[in-house]
$ cat my_file06.csv   # CSV, C-alpha atoms and all ligand atoms
chain,number,residue,atom,x,y,z
A,23,MET,CA,35.5,-25.0,31.4
A,24,MET,CA,37.3,-28.3,30.9
A,25,ILE,CA,39.8,-29.8,33.2
A,26,PHE,CA,42.4,-32.4,32.3
A,27,ARG,CA,43.7,-34.5,35.1
A,28,SER,CA,46.7,-36.8,35.0
A,29,TRP,CA,46.8,-39.6,37.5
A,30,TRP,CA,49.1,-42.3,38.6
A,31,SER,CA,47.3,-45.5,37.9
A,32,LYS,CA,48.0,-48.5,40.0
A,33,SER,CA,45.9,-50.8,38.0
A,34,ARG,CA,48.4,-52.2,35.5
A,35,ASP,CA,52.0,-53.2,35.0
A,36,ARG,CA,53.2,-54.9,38.1
A,37,LEU,CA,56.4,-55.9,36.2
A,38,GLN,CA,58.6,-53.4,38.0
A,39,VAL,CA,57.7,-54.5,41.5
A,40,THR,CA,61.0,-54.2,43.5
A,41,GLY,CA,59.7,-54.6,47.0
A,42,HIS,CA,59.0,-50.9,47.5
A,43,ARG,CA,55.3,-50.4,47.5
A,44,LEU,CA,55.3,-47.3,45.3
A,45,GLN,CA,57.3,-49.0,42.7
A,46,GLY,CA,54.9,-51.8,42.4
A,47,TRP,CA,52.4,-49.4,41.0
A,48,SER,CA,52.0,-48.7,37.4
A,49,ARG,CA,54.7,-46.8,35.6
A,50,THR,CA,52.1,-45.5,33.3
A,51,ILE,CA,50.4,-42.2,33.9
A,52,ALA,CA,46.8,-42.1,32.9
A,53,TYR,CA,45.0,-39.0,32.1
A,54,CYS,CA,41.4,-38.1,32.4
A,55,LEU,CA,38.9,-35.5,31.5
A,56,LEU,CA,36.7,-34.7,34.4
A,57,PRO,CA,33.1,-33.8,34.1
A,58,ILE,CA,32.3,-30.1,34.5
A,59,ALA,CA,30.1,-31.0,37.5
A,60,TRP,CA,33.0,-32.5,39.2
A,61,LEU,CA,35.0,-29.4,38.6
A,62,ILE,CA,32.4,-27.1,40.2
A,63,LEU,CA,32.0,-29.4,43.2
A,64,ALA,CA,35.8,-29.7,43.7
A,65,SER,CA,36.8,-26.2,42.9
A,66,PRO,CA,40.2,-25.9,44.7
A,67,ALA,CA,40.2,-24.1,47.9
A,68,PHE,CA,43.7,-22.9,47.1
A,69,ALA,CA,46.4,-22.1,47.8
A,70,THR,CA,47.5,-21.7,51.4
A,71,GLU,CA,51.0,-23.2,50.9
A,72,LEU,CA,51.8,-21.5,47.6
A,73,THR,CA,52.4,-18.0,49.0
A,74,ALA,CA,55.5,-17.1,46.9
A,75,VAL,CA,55.4,-16.0,43.3
A,76,MET,CA,58.1,-16.1,40.7
A,77,LYS,CA,57.6,-14.6,37.2
A,78,THR,CA,59.4,-16.1,34.3
A,79,PRO,CA,59.0,-15.0,30.6
A,80,HIS,CA,56.1,-17.4,30.0
A,81,PHE,CA,55.0,-18.6,33.5
A,82,THR,CA,53.7,-17.1,36.7
A,83,VAL,CA,55.0,-19.7,39.2
A,84,HIS,CA,53.2,-20.0,42.5
A,85,TYR,CA,55.2,-22.0,45.0
A,86,ASP,CA,55.9,-22.8,48.6
A,87,PRO,CA,58.6,-20.4,49.8
A,88,ALA,CA,60.2,-23.3,51.8
A,89,ASP,CA,61.5,-24.7,48.5
A,90,HIS,CA,62.7,-22.0,46.2
A,91,PHE,CA,65.0,-24.4,44.4
A,92,LEU,CA,62.1,-26.8,43.4
A,93,ALA,CA,60.2,-23.8,42.0
A,94,GLU,CA,63.2,-22.7,40.0
A,95,SER,CA,63.9,-26.1,38.6
A,96,THR,CA,60.3,-26.6,37.7
A,97,ALA,CA,60.1,-23.2,36.0
A,98,SER,CA,63.3,-24.0,34.1
A,99,ALA,CA,62.0,-27.4,32.9
A,100,SER,CA,58.6,-25.8,32.0
A,101,GLN,CA,60.3,-23.2,29.9
A,102,GLU,CA,62.2,-25.9,27.9
A,103,GLU,CA,59.1,-28.1,27.5
A,104,LEU,CA,56.9,-25.1,26.4
A,105,THR,CA,59.5,-24.2,23.8
A,106,ARG,CA,59.8,-27.7,22.4
A,107,ILE,CA,56.0,-28.5,22.5
A,108,SER,CA,55.0,-25.2,21.0
A,109,LYS,CA,57.3,-25.7,18.1
A,110,ASP,CA,56.0,-29.3,17.6
A,111,LEU,CA,52.4,-28.3,17.7
A,112,GLY,CA,52.6,-24.9,16.0
A,113,TYR,CA,52.0,-22.4,18.8
A,114,ALA,CA,53.7,-19.1,18.6
A,115,ILE,CA,54.4,-18.3,22.3
A,116,GLU,CA,52.7,-15.0,23.2
A,117,PRO,CA,55.1,-12.8,25.2
A,118,ASN,CA,52.6,-11.2,27.5
A,119,ARG,CA,50.4,-14.1,28.3
A,120,PRO,CA,52.1,-16.1,31.1
A,121,ILE,CA,50.6,-19.5,32.0
A,122,PRO,CA,49.7,-19.8,35.8
A,123,LEU,CA,51.7,-22.7,37.2
A,124,MET,CA,51.1,-24.1,40.7
A,125,VAL,CA,54.1,-26.0,42.0
A,126,TYR,CA,53.4,-28.3,45.0
A,127,ARG,CA,56.4,-29.7,46.8
A,128,SER,CA,54.5,-32.7,48.1
A,129,HIS,CA,51.8,-35.0,46.8
A,130,TYR,CA,49.7,-34.5,49.9
A,131,ALA,CA,49.7,-30.7,49.4
A,132,PHE,CA,48.8,-31.0,45.7
A,133,ILE,CA,45.9,-33.4,46.4
A,134,HIS,CA,44.7,-31.5,49.5
A,135,GLU,CA,44.8,-28.0,48.2
A,136,GLY,CA,43.6,-29.0,44.8
A,137,GLY,CA,40.5,-30.6,46.5
A,138,LEU,CA,41.2,-33.7,44.4
A,139,ALA,CA,39.1,-36.8,45.1
A,140,ASP,CA,41.5,-39.2,43.4
A,141,ARG,CA,44.8,-39.4,45.3
A,142,PHE,CA,46.5,-40.9,42.2
A,143,THR,CA,46.3,-37.5,40.4
A,144,VAL,CA,49.7,-35.9,39.7
A,145,GLY,CA,48.8,-33.0,37.5
A,146,THR,CA,45.9,-30.9,36.2
A,147,ALA,CA,45.5,-28.5,33.3
A,148,ARG,CA,42.3,-26.6,32.7
A,149,THR,CA,40.8,-24.4,30.1
A,150,GLY,CA,39.7,-20.9,30.9
A,151,ASP,CA,42.6,-19.5,33.0
A,152,GLU,CA,44.8,-22.3,31.6
A,153,ARG,CA,46.2,-23.0,35.0
A,154,ILE,CA,48.5,-25.9,35.4
A,155,SER,CA,48.9,-27.5,38.8
A,156,VAL,CA,51.5,-30.2,39.5
A,157,ASP,CA,52.8,-32.5,42.2
A,158,ALA,CA,56.5,-31.6,41.5
A,159,SER,CA,57.8,-33.9,44.2
A,160,GLY,CA,58.7,-36.6,41.7
A,161,ALA,CA,57.3,-39.2,44.1
A,162,PHE,CA,55.2,-40.9,41.4
A,163,VAL,CA,56.3,-39.4,38.1
A,164,THR,CA,59.2,-37.2,37.2
A,165,MET,CA,58.4,-33.5,37.4
A,166,LYS,CA,59.5,-33.0,33.8
A,167,GLN,CA,57.2,-35.7,32.5
A,168,VAL,CA,54.1,-34.4,34.2
A,169,MET,CA,55.0,-30.8,33.1
A,170,ALA,CA,55.3,-31.9,29.5
A,171,HIS,CA,51.9,-33.6,29.7
A,172,GLU,CA,50.1,-30.7,31.2
A,173,ILE,CA,51.9,-28.1,29.0
A,174,THR,CA,50.8,-30.0,25.9
A,175,HIS,CA,47.2,-29.6,27.1
A,176,ALA,CA,47.8,-25.9,27.7
A,177,VAL,CA,49.4,-25.4,24.3
A,178,ILE,CA,46.4,-27.2,22.7
A,179,PHE,CA,44.0,-24.8,24.5
A,180,ARG,CA,46.0,-21.9,23.3
A,181,ILE,CA,46.0,-23.1,19.7
A,182,LEU,CA,42.4,-24.1,19.6
A,183,GLY,CA,40.7,-21.6,22.0
A,184,PRO,CA,37.0,-22.2,21.9
A,185,GLN,CA,37.5,-25.0,19.3
A,186,THR,CA,39.1,-27.2,22.0
A,187,ARG,CA,35.8,-29.0,22.5
A,188,ALA,CA,35.9,-30.1,18.8
A,189,LEU,CA,39.1,-32.0,19.4
A,190,PRO,CA,38.3,-35.7,20.3
A,191,LEU,CA,39.5,-36.6,23.7
A,192,TRP,CA,41.6,-39.5,22.3
A,193,VAL,CA,43.6,-36.9,20.2
A,194,ASN,CA,44.0,-34.5,23.1
A,195,GLU,CA,45.2,-37.1,25.6
A,196,GLY,CA,47.1,-39.0,22.9
A,197,LEU,CA,49.1,-35.9,22.0
A,198,ALA,CA,49.8,-35.1,25.7
A,199,LYS,CA,51.2,-38.7,26.1
A,200,TYR,CA,53.1,-38.5,22.8
A,201,GLU,CA,54.8,-35.3,23.8
A,202,SER,CA,55.6,-36.4,27.4
A,203,GLU,CA,56.6,-40.1,27.3
A,204,ILE,CA,59.6,-41.5,25.6
A,205,TYR,CA,59.2,-45.1,26.7
A,206,THR,CA,56.2,-46.8,25.1
A,207,GLU,CA,56.7,-50.4,26.2
A,208,VAL,CA,53.9,-50.5,28.8
A,209,ASP,CA,51.4,-48.9,26.5
A,210,ASP,CA,52.4,-51.2,23.6
A,211,THR,CA,51.9,-54.2,25.9
A,212,ILE,CA,48.5,-53.0,26.9
A,213,VAL,CA,47.4,-52.3,23.3
A,214,ALA,CA,49.0,-55.6,22.0
A,215,ASP,CA,47.1,-57.6,24.6
A,216,ALA,CA,43.8,-56.0,23.7
A,217,ALA,CA,44.5,-56.3,20.0
A,218,ALA,CA,45.4,-60.0,20.4
A,219,HIS,CA,42.2,-60.7,22.4
A,220,GLY,CA,39.9,-58.5,20.2
A,221,THR,CA,39.1,-56.2,23.1
A,222,LEU,CA,40.3,-52.8,21.8
A,223,ILE,CA,38.0,-49.9,22.5
A,224,GLY,CA,37.0,-48.2,19.2
A,225,LEU,CA,38.5,-44.7,19.1
A,226,PRO,CA,35.2,-43.1,18.2
A,227,ASP,CA,34.0,-44.3,21.6
A,228,LEU,CA,36.7,-42.2,23.2
A,229,THR,CA,35.6,-38.9,21.8
A,230,THR,CA,34.3,-37.2,24.9
A,231,GLU,CA,35.2,-39.5,27.8
A,232,PHE,CA,37.2,-42.5,28.8
A,233,PRO,CA,35.6,-45.5,30.6
A,234,SER,CA,36.8,-45.3,34.2
A,235,ASP,CA,37.3,-49.1,34.4
A,236,ARG,CA,39.5,-49.3,31.3
A,237,SER,CA,41.2,-46.0,31.4
A,238,ASP,CA,44.7,-47.4,31.0
A,239,LEU,CA,43.7,-49.0,27.7
A,240,ALA,CA,42.0,-45.8,26.6
A,241,TYR,CA,45.1,-43.7,27.2
A,242,ALA,CA,47.4,-46.4,25.7
A,243,GLU,CA,45.3,-46.5,22.5
A,244,SER,CA,45.2,-42.7,22.3
A,245,ALA,CA,48.9,-42.5,22.5
A,246,SER,CA,49.4,-45.3,20.0
A,247,ALA,CA,47.1,-43.6,17.5
A,248,MET,CA,49.1,-40.3,17.8
A,249,ARG,CA,52.4,-42.1,17.4
A,250,TYR,CA,50.9,-43.8,14.3
A,251,LEU,CA,49.8,-40.4,13.0
A,252,VAL,CA,53.3,-39.1,13.2
A,253,LYS,CA,54.9,-42.2,11.8
A,254,ARG,CA,52.6,-42.5,8.9
A,255,HIS,CA,51.9,-38.8,8.0
A,256,GLY,CA,55.0,-37.1,9.3
A,257,ALA,CA,56.1,-35.1,12.4
A,258,ASP,CA,54.1,-32.0,11.2
A,259,ALA,CA,50.8,-33.9,11.1
A,260,PRO,CA,49.7,-32.9,14.6
A,261,LYS,CA,50.6,-29.3,13.8
A,262,VAL,CA,48.7,-29.3,10.5
A,263,MET,CA,45.7,-31.0,12.2
A,264,LEU,CA,45.5,-28.5,15.1
A,265,GLY,CA,46.0,-25.5,12.8
A,266,GLU,CA,43.1,-26.6,10.5
A,267,LEU,CA,40.9,-27.3,13.5
A,268,ALA,CA,41.6,-23.8,14.9
A,269,ALA,CA,40.7,-22.3,11.6
A,270,THR,CA,37.6,-24.3,10.7
A,271,GLY,CA,36.3,-25.8,13.9
A,272,SER,CA,35.8,-29.1,12.0
A,273,PHE,CA,37.8,-32.1,13.1
A,274,ASP,CA,36.8,-33.9,9.9
A,275,LYS,CA,38.5,-31.2,7.9
A,276,ALA,CA,41.5,-31.1,10.3
A,277,ILE,CA,42.2,-34.8,10.1
A,278,ALA,CA,41.6,-34.7,6.3
A,279,LYS,CA,44.2,-32.0,5.9
A,280,ALA,CA,46.8,-33.9,8.0
A,281,THR,CA,46.2,-37.4,6.6
A,282,ARG,CA,44.3,-36.9,3.3
A,283,GLU,CA,41.6,-39.2,4.6
A,284,ASN,CA,38.7,-39.0,7.0
A,285,GLU,CA,38.6,-40.0,10.6
A,286,ARG,CA,37.0,-43.3,9.8
A,287,ALA,CA,39.7,-44.2,7.3
A,288,PHE,CA,42.5,-43.1,9.7
A,289,VAL,CA,41.1,-45.2,12.5
A,290,ALA,CA,40.8,-48.2,10.2
A,291,ASP,CA,44.4,-47.7,9.1
A,292,TRP,CA,45.6,-47.5,12.7
A,293,THR,CA,43.6,-50.6,13.6
A,294,ASN,CA,45.0,-52.5,10.6
A,295,SER,CA,48.5,-51.4,11.6
A,296,LEU,CA,48.0,-52.9,15.0
A,297,ALA,CA,46.7,-56.1,13.5
A,298,ARG,CA,49.9,-56.3,11.3
A,299,ARG,CA,52.2,-55.3,14.1
A,300,PHE,CA,50.7,-57.7,16.6
A,301,ARG,CA,50.2,-60.7,14.3
A,302,LEU,CA,53.7,-61.7,15.3
A,303,LEU,CA,52.7,-61.5,18.9
A,304,ARG,CA,49.7,-63.7,18.3
A,305,ALA,CA,51.9,-66.2,16.4
A,306,TRP,CA,54.2,-66.3,19.4
A,307,GLN,CA,51.3,-66.8,21.7
A,308,ILE,CA,50.0,-69.7,19.5
A,309,ALA,CA,53.5,-71.1,19.3
A,310,GLY,CA,53.7,-70.8,23.0
A,311,ALA,CA,50.5,-72.7,23.6
A,312,PHE,CA,51.4,-75.3,21.0
A,313,GLY,CA,54.9,-75.6,22.5
A,314,GLY,CA,53.3,-76.1,25.9
A,315,ALA,CA,51.3,-79.1,24.5
A,316,ILE,CA,54.5,-80.6,23.0
A,317,MET,CA,56.4,-80.1,26.2
A,318,ALA,CA,53.6,-81.9,28.1
A,319,ALA,CA,53.7,-84.8,25.6
A,320,LEU,CA,57.5,-85.1,25.8
A,321,ALA,CA,57.2,-85.2,29.6
A,322,VAL,CA,54.8,-88.1,29.4
A,323,VAL,CA,57.1,-89.9,26.9
A,324,ALA,CA,60.1,-89.3,29.2
A,325,PHE,CA,58.2,-90.6,32.2
A,326,ILE,CA,57.2,-93.8,30.3
A,327,ILE,CA,60.8,-94.4,29.2
A,328,ARG,CA,62.1,-93.8,32.7
A,329,ARG,CA,59.6,-96.2,34.1
A,330,ARG,CA,60.6,-98.9,31.6
A,331,ARG,CA,64.3,-98.4,32.4
A,332,MET,CA,63.5,-98.6,36.1
A,333,ALA,CA,61.5,-101.8,35.6
A,334,GLN,CA,64.3,-103.2,33.5
A,335,ALA,CA,66.9,-102.2,36.1
A,336,ALA,CA,64.7,-103.8,38.8
A,337,ARG,CA,64.4,-107.0,36.8
A,338,GLU,CA,68.1,-107.1,36.2
A,339,TRP,CA,68.8,-106.4,39.8
A,340,GLU,CA,66.4,-109.1,40.9
A,341,TRP,CA,68.0,-111.5,38.5
A,342,GLU,CA,71.4,-110.6,39.8
A,343,GLN,CA,70.2,-111.1,43.3
A,344,PHE,CA,68.6,-114.5,42.3
A,345,GLU,CA,71.8,-115.6,40.7
A,346,ASP,CA,73.9,-114.4,43.7
A,347,SER,CA,71.6,-116.2,46.0
A,348,MET,CA,71.6,-119.4,43.9
A,349,GLU,CA,75.3,-119.3,43.7
A,350,ARG,CA,75.6,-118.7,47.4
A,351,GLN,CA,73.2,-121.6,48.1
A,352,LEU,CA,75.0,-123.9,45.7
A,353,ARG,CA,78.3,-122.9,47.2
A,354,ASP,CA,77.1,-123.3,50.8
A,355,TRP,CA,74.9,-126.3,50.2
A,356,PRO,CA,77.2,-129.1,51.1
A,357,HIS,CA,78.1,-127.5,54.4
A,358,ARG,CA,74.6,-126.8,55.6
B,1,ZN,ZN,45.9,-35.3,30.0
$ encode --input "my_file06.csv" --output "C-alpha cells" --more "lines below"
Ligand SMILES: [Zn+2]
Amino acid sequence: MMIFRSWWSKSRDRLQVTGHRLQGWSRTIAYCLLPIAWLILASPAFATELTAVMKTPHFTVHYDPADHFLAESTASASQEELTRISKDLGYAIEPNRPIPLMVYRSHYAFIHEGGLADRFTVGTARTGDERISVDASGAFVTMKQVMAHEITHAVIFRILGPQTRALPLWVNEGLAKYESEIYTEVDDTIVADAAAHGTLIGLPDLTTEFPSDRSDLAYAESASAMRYLVKRHGADAPKVMLGELAATGSFDKAIAKATRENERAFVADWTNSLARRFRLLRAWQIAGAFGGAIMAALAVVAFIIRRRRMAQAAREWEWEQFEDSMERQLRDWPHR
C-alpha cells in the first residue's frame, strides 16, 4: 500500500505575512509519499469522532455528526472535483465503487485520529481501500483545494491500479498539484530561484521519493513539469500518458505516447524551457546587481560634489565674514 500525504509547509514564502501567525506560513501545500514502514507504524486508530455516515453517488462520507453542514458541503465539492478530474485524466467513474472519504472538522481531530506525526499534514490518500482523509476546516488550505489534490491521487489509483508504482512520484504529485492549484506564482518563484542558481533537482531523482529538506522545490518542480506537459503537448497529454501506462505498465511507453519522445528528452525539454523562461529573470538579477554598483558610484560622486559645494560655501561665508569684519573695523577704527 502507498499513502500520499499533503502537508502545509511553513518553510517557504513568507511574503504574505500579515501579522497573523498562520498566514505567515507558506501558501504552498507540499505533498509527500510516506514510506510503507511509516504507514504500518502509524496506522490510524480511527475514527472516534466520525460516527455519522452519508452516502453520495460516488463517496461514502464519514463525518462528525456535530457538523452535518460541513459534511454536505465537502461531499458536494468532492462530487464536482471528481467529475472534473476524472474527465481530465480519463477515468470513467464507476457507479458502484464509492470512495471512502473521512471528513474532519478540525485540524486537531484530523492529525490526532489519523495518527499523523507531522502536524502540517492536511490530507491523505492511500492505495488499497483508496481512502481519502482531509482536514476540512479550511484553517490552512481551502477544503476544495485539498479535496482536489487527494481526489487526483485517488483517480490515478483507479486508472492505474497495480501499475500505480510504475508512475514516477514527480508525475503523480505534479498532476495532483496541477489539478488542485490555480495560482502558480509561489511555485514559479521557487523553481525560478533554483534555475537561476543552478540548484534544480533532476526529475529522475524524484522518481520514488522527495528529499525531506527540499520538498517544496521537489513539489514545485513536479507541478511545473506537468504544466509544461499540458502546455507543450496538449490538455489530453496526462490522459493519454495514464491510459498507456495502465495498458502497458511501462512509463517509457506512456510518456512516448503522450509526447512522442522518451522521458530523458521530455525532461531535457522542460529544463531548457525553464532556462529560456528564467533567462529574463537572470538578466534582471544581473541588471539589479549592476544597477546597485552604479547607484553606489553615483552616491560617492554626489557626496564629493556636496562636500565641494559645502567647502566653497564655507570659504565664501568666511570671506564674507572677513569682509564684514574688515569693514566694521575700518568703520569703527577712528573711534576706538
Ligand atoms: Zn499528493
$ atom_distance --input "my_file06.csv" --atom1 "atom CA of Ser246 of chain A" --atom2 "atom CA of Thr211 of chain A"
11.0 Å
$ atom_distance --input "my_file06.csv" --atom1 "atom CA of Tyr200 of chain A" --atom2 "atom CA of Ala245 of chain A"
5.8 Å
$ atom_distance --input "my_file06.csv" --atom1 "atom CA of Ile115 of chain A" --atom2 "atom CA of Arg148 of chain A"
18.0 Å
$ closest_residue --input "my_file06.csv" --among "A:Lys279, A:Arg180, A:Arg301, A:Lys199" --to "Gly112 of chain A" --atoms "only C-alpha atoms"
A:Arg180
$ closest_residue --input "my_file06.csv" --among "A:Glu201, A:Glu338, A:Asp346, A:Glu285" --to "ligand ZN 1 (chain B)" --atoms "only C-alpha atoms and all ligand atoms"
A:Glu201
$ residues_around --input "my_file06.csv" --residues "Pro120 of chain A" --least-positions-apart "5" --cutoff "10 Å" --atoms "only C-alpha atoms" --output "CSV table (one decimal) with C-alpha atoms, keeping the file's coordinate frame"
chain,number,residue,atom,x,y,z
A,77,LYS,CA,57.6,-14.6,37.2
A,78,THR,CA,59.4,-16.1,34.3
A,79,PRO,CA,59.0,-15.0,30.6
A,80,HIS,CA,56.1,-17.4,30.0
A,81,PHE,CA,55.0,-18.6,33.5
A,82,THR,CA,53.7,-17.1,36.7
A,83,VAL,CA,55.0,-19.7,39.2
A,115,ILE,CA,54.4,-18.3,22.3
A,152,GLU,CA,44.8,-22.3,31.6
A,153,ARG,CA,46.2,-23.0,35.0
$ closest_residue --input "my_file06.csv" --among "A:Glu231, A:Asp274, A:Asp291, A:Glu207" --to "ligand ZN 1 (chain B)" --atoms "all atoms listed in the file"
A:Glu231
$ closest_atom_pairs --input "my_file06.csv" --of "segment 113-166 of chain A" --to "segment 93-97 of chain A" --cutoff "8 Å" --atoms "all atoms listed in the file" --output "JSON lines"
{"residue": "A:Val125", "atom": "CA", "partner": "A:Ala93", "partner_atom": "CA", "distance": 6.5}
{"residue": "A:Ala158", "atom": "CA", "partner": "A:Thr96", "partner_atom": "CA", "distance": 7.3}
{"residue": "A:Met165", "atom": "CA", "partner": "A:Thr96", "partner_atom": "CA", "distance": 7.2}
{"residue": "A:Lys166", "atom": "CA", "partner": "A:Thr96", "partner_atom": "CA", "distance": 7.5}
$ residues_around --input "my_file06.csv" --residues "Asp210 of chain A" --least-positions-apart "3" --cutoff "12 Å" --atoms "only C-alpha atoms" --output "PyMOL selection string"
chain A and resi 35+50+205-207+213-218+238-239+241-247+249-250+296+299-300+303
$ closest_residue --input "my_file06.csv" --among "A:Ala280, A:Val163, A:Ile121, A:Ile178" --to "Asp258 of chain A" --atoms "only C-alpha atoms"
A:Ala280
$ closest_residue --input "my_file06.csv" --among "A:His255, A:Lys261, A:His219, A:His175" --to "ligand ZN 1 (chain B)" --atoms "all atoms listed in the file"
A:His175
$ closest_residue --input "my_file06.csv" --among "A:Gly196, A:Gly160, A:Gly145, A:Pro190" --to "Leu228 of chain A" --atoms "all atoms listed in the file"
A:Pro190
$ residues_around --input "my_file06.csv" --residues "Ile277 of chain A" --least-positions-apart "2" --cutoff "10 Å" --atoms "all atoms listed in the file" --output "list in words"
Leu251, Ala259, Pro260, Val262, Met263, Leu264, Glu266, Leu267, Ser272, Phe273, Asp274, Lys275, Lys279, Ala280, Thr281, Arg282, Glu283, Asn284, Glu285, Arg286 and Phe288 of chain A
$ write_last_selection --input "my_file06.csv" --atoms "C-alpha atoms" --output "PDB file, in the coordinates of the input"
ATOM      1  CA  LEU A 251      49.800 -40.400  13.000  1.00  0.00           C
ATOM      2  CA  ALA A 259      50.800 -33.900  11.100  1.00  0.00           C
ATOM      3  CA  PRO A 260      49.700 -32.900  14.600  1.00  0.00           C
ATOM      4  CA  VAL A 262      48.700 -29.300  10.500  1.00  0.00           C
ATOM      5  CA  MET A 263      45.700 -31.000  12.200  1.00  0.00           C
ATOM      6  CA  LEU A 264      45.500 -28.500  15.100  1.00  0.00           C
ATOM      7  CA  GLU A 266      43.100 -26.600  10.500  1.00  0.00           C
ATOM      8  CA  LEU A 267      40.900 -27.300  13.500  1.00  0.00           C
ATOM      9  CA  SER A 272      35.800 -29.100  12.000  1.00  0.00           C
ATOM     10  CA  PHE A 273      37.800 -32.100  13.100  1.00  0.00           C
ATOM     11  CA  ASP A 274      36.800 -33.900   9.900  1.00  0.00           C
ATOM     12  CA  LYS A 275      38.500 -31.200   7.900  1.00  0.00           C
ATOM     13  CA  LYS A 279      44.200 -32.000   5.900  1.00  0.00           C
ATOM     14  CA  ALA A 280      46.800 -33.900   8.000  1.00  0.00           C
ATOM     15  CA  THR A 281      46.200 -37.400   6.600  1.00  0.00           C
ATOM     16  CA  ARG A 282      44.300 -36.900   3.300  1.00  0.00           C
ATOM     17  CA  GLU A 283      41.600 -39.200   4.600  1.00  0.00           C
ATOM     18  CA  ASN A 284      38.700 -39.000   7.000  1.00  0.00           C
ATOM     19  CA  GLU A 285      38.600 -40.000  10.600  1.00  0.00           C
ATOM     20  CA  ARG A 286      37.000 -43.300   9.800  1.00  0.00           C
ATOM     21  CA  PHE A 288      42.500 -43.100   9.700  1.00  0.00           C
TER      22      PHE A 288
END
$ residues_around --input "my_file06.csv" --residues "Asp151 of chain A" --least-positions-apart "4" --cutoff "10 Å" --atoms "only C-alpha atoms" --output "number ranges by chain"
A: 23, 121-122, 147, 176
$ residues_around --input "my_file06.csv" --residues "Val75 of chain A" --least-positions-apart "5" --cutoff "10 Å" --atoms "all atoms listed in the file" --output "VMD selection string"
chain A and resid 82 to 87 90 93 123 to 124
